[in-house]
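A.B. asks: Got a structure here, written out as structure tokens. Questions coming.
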Amino acid sequence: MTAARNLLVELLVEELPPKALKALGIAFAERLVSGLVRHQLKQRVPDWKWFASPRRLAVWVPEVAGKSEDRHEQVKLMPVSVGLDGDGRATPALLKKLAGHGGESALARLRRRTEGKQEVLFFDSLIPGTMLAFGLQAALDDAVRNLPTPKRMQYQLDDGWTSVEFVRPAHGLVALHGADVVPVSVLGLAAGRATHGHRFEARLPAIELRDADSYDAQLRDDGAVLASFGERRAEIDAQLAAAAAKEGLRPIDDEDLRDEVTALVERPNVLLCRFDDAFLAVPPECLVLTMKANQKYFPLLDAKGGLTNRFLVVSNIGPSDPARIVEGNERVVRPRLADAKFFFDKDRKEKLEERVAALDKVVYHAKLGSQGGRVSRLCVIAEEIELKRGGRDPRDVRRAAVLAKADLTTDMVGEFPELQGVMGRYYALHDGESAAVAWAIEDHYRPRFAGDDLPRNDVGVVVALADKMEALVGMFAIGQVPSGDKDPYALRRHALGVVRLLIERRVSIGLVPLIDLTNAAMPDGVRADTPVLAQFVKERAKGYFYDQGFDRRAVDSVLEPHGDLLPLGELPAMVGEATAFIATTDGQLLAEANKRITNILKKSGEDVPFGMSPRALAPPDERLFAQEEERSLYASLRSAGEASLALREGRHYAQALSALIPLSGPTKAFFDKVMVNVDDAATRQNRVMLLKHARAYMNLVADLTRMAS
């Protein structure tokens, strides 16, 4: 391997899409480094640095070889009996094989090795190391070709004929190994050492990079560019905090906005701006979204979290007098806020209740009808859920369901779809609806994503559950089932939302009854396959419990048998107890014994379905017990087993599982001393019946077979 030096590669382009810049920068660097590692020009060490600004993607990689080491490789040729004749001379077959390796001169590099019962000829081949120019070219081609971007631009090169594709047109390529240019090319560009800085504030029109290590400093000093995405983000964070602190305020916390703004500027300069106090009469969510989504501004909040009339702008230039920039941004935001105020005032002139009829003209799905039809279904589903969970008065639930989608017809939600539900709450309160109904209108979309808050009141929980179940049943009924990574209707997210609502809000209704009542509310011919949908939701429930750190075997042993009918809110205690149970010696012994019992019963043609009460089984004949271990096991089943059964019937599931522990000793003794498959048919059948009782008692709470290792 030749002497290693640091490597710098930069691709200079037109302005890249800001929301994708961070991912593009990381992917470009990772693929390029992976290519160098693949060609053995770089060790797999996470010591490289990536750079990304609006107009560049770059990576600095330390300790890159100019040429990888030569390596020896033994190539298997053929058996000695085929390659050499009786006198040890090369056969024509061997010479033909060696033709590409130097012919007869390669005979000296033949090696013999015994493989199994025969000797085999190997050729000792010397593979020259890869030159950096070759390895970097391959890595660069791969990085450019496989950047994670959904859309690419096709553009012509300067020759007027050749077309290439990339995220944005590329105008420069730098590849420096130490101080030397590496002769590579991509997108019609030959590598050099020249780059460009800030469009307006660079000290030099073109920057000749001295070497790979000077890239960051030269761009900062001569180009007025902070090339590192992370460094630029940290600078923006510091400036935002400092500017807000001067006003005794704090900027809104939005990681995505900070990343997007970092991708929009090369030399950040934070400035304070203001808007008219009168706009604060508009709901803060509207103003914040207007400033963030349209202008990329950072609204400022007071100590109580209230919105103020001040905001921060991250400028890409730093003039000595920023007054004109401040004035320009204040002028630009004014009509945006005025639009929001106009929408808000206009929307309130019509009550939500009066808007419900308009939902009949809003398409929900071609096969599922309008939003108006959907609202009718939500009302039925929500009312049924409220009654089944033991709610006293479903009027608030029905009212919230009726109004849940009405704000979809408002101008504000038409302009900002992200505000659906939020605006419904404001308009409902303005119309005189109860606070419970108003909050339920906003919260019925929750949880929107993993980790999102749940609805704030019971009305919101019921309507949210109805909304998600209607979506799941409807989409499954028309065949829109997620597959692979495709889930256009976010049904996995809806299912996880159902799981969280049922568990964390302790809604006392089983999954299958929930699907059945939803199916009953759907239009004729629109029915989801209940077992299929139930299994889909249970898979999300498994993931929920796995993420909580529960033992996977314990989760499966409880969820598979109980997840259909038992309210999911009762399962956490059962899963917790099963996790503790399986961690004990007695628990593992019973699980293994249960697996053995299940296998014996299966071979005997017998079956005891999970959850079957042992009282439904014919008892074994105690007169046929020939050994003390049979009598001991049956006595334990009637004591510990019956205690467990009583606890289960009282819905004390966790304690019911613990009550089985005394069965471990008698069960072990039974299998140590008793043979089930004896010649005497009556004795054999009686012992099978005893094991059927054992399985029935042991599987009242959890399917112990699934706990066996």
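By convention here, the chains of the structure tokens are called A, B, ... in the order presented, each chain's residues are numbered starting at 1, and ligands are numbered starting at 1 in the order presented.
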Which neighbours of Asp586 of chain A fall inside 7 Å, counting only C-alpha atoms, when residues of the same chain fewer than 4 positions from it are skipped, and could you give them as a PyMOL selection string?

C.D. replies: chain A and resi 590+661+664

A.B. asks: Selection from above, C-alpha atoms, as an mmCIF file, in the first residue's frame, can you write it?

C.D. replies:
```
data_model
loop_
_atom_site.group_PDB
_atom_site.id
_atom_site.type_symbol
_atom_site.label_atom_id
_atom_site.label_comp_id
_atom_site.auth_asym_id
_atom_site.auth_seq_id
_atom_site.Cartn_x
_atom_site.Cartn_y
_atom_site.Cartn_z
ATOM 1 C CA LEU A 590 -43.831 -25.497 33.094
ATOM 2 C CA ILE A 661 -46.054 -22.179 39.999
ATOM 3 C CA SER A 664 -43.919 -27.314 38.400
#
```

A.B. asks: Hey, what's within 7 Å of Ile252 of chain A if we count only C-alpha atoms and toss same-chain stuff fewer than 5 positions away? As a ChimeraX atom specification, please?

C.D. replies: /A:298-301

A.B. asks: At what distance in Å, to one decimal, does atom CA of Val261 of chain A lie from atom CA of Ala29 of chain A?

C.D. replies: 21.1 Å

A.B. asks: Taking the backbone alone, and naming residues the way the document does, which bits of segment 443-546 of chain A are alpha helix (DSSP H) by DSSP, as a ChimeraX atom specification?

C.D. replies: /A:443,458-477,491-504,511-521,530-546
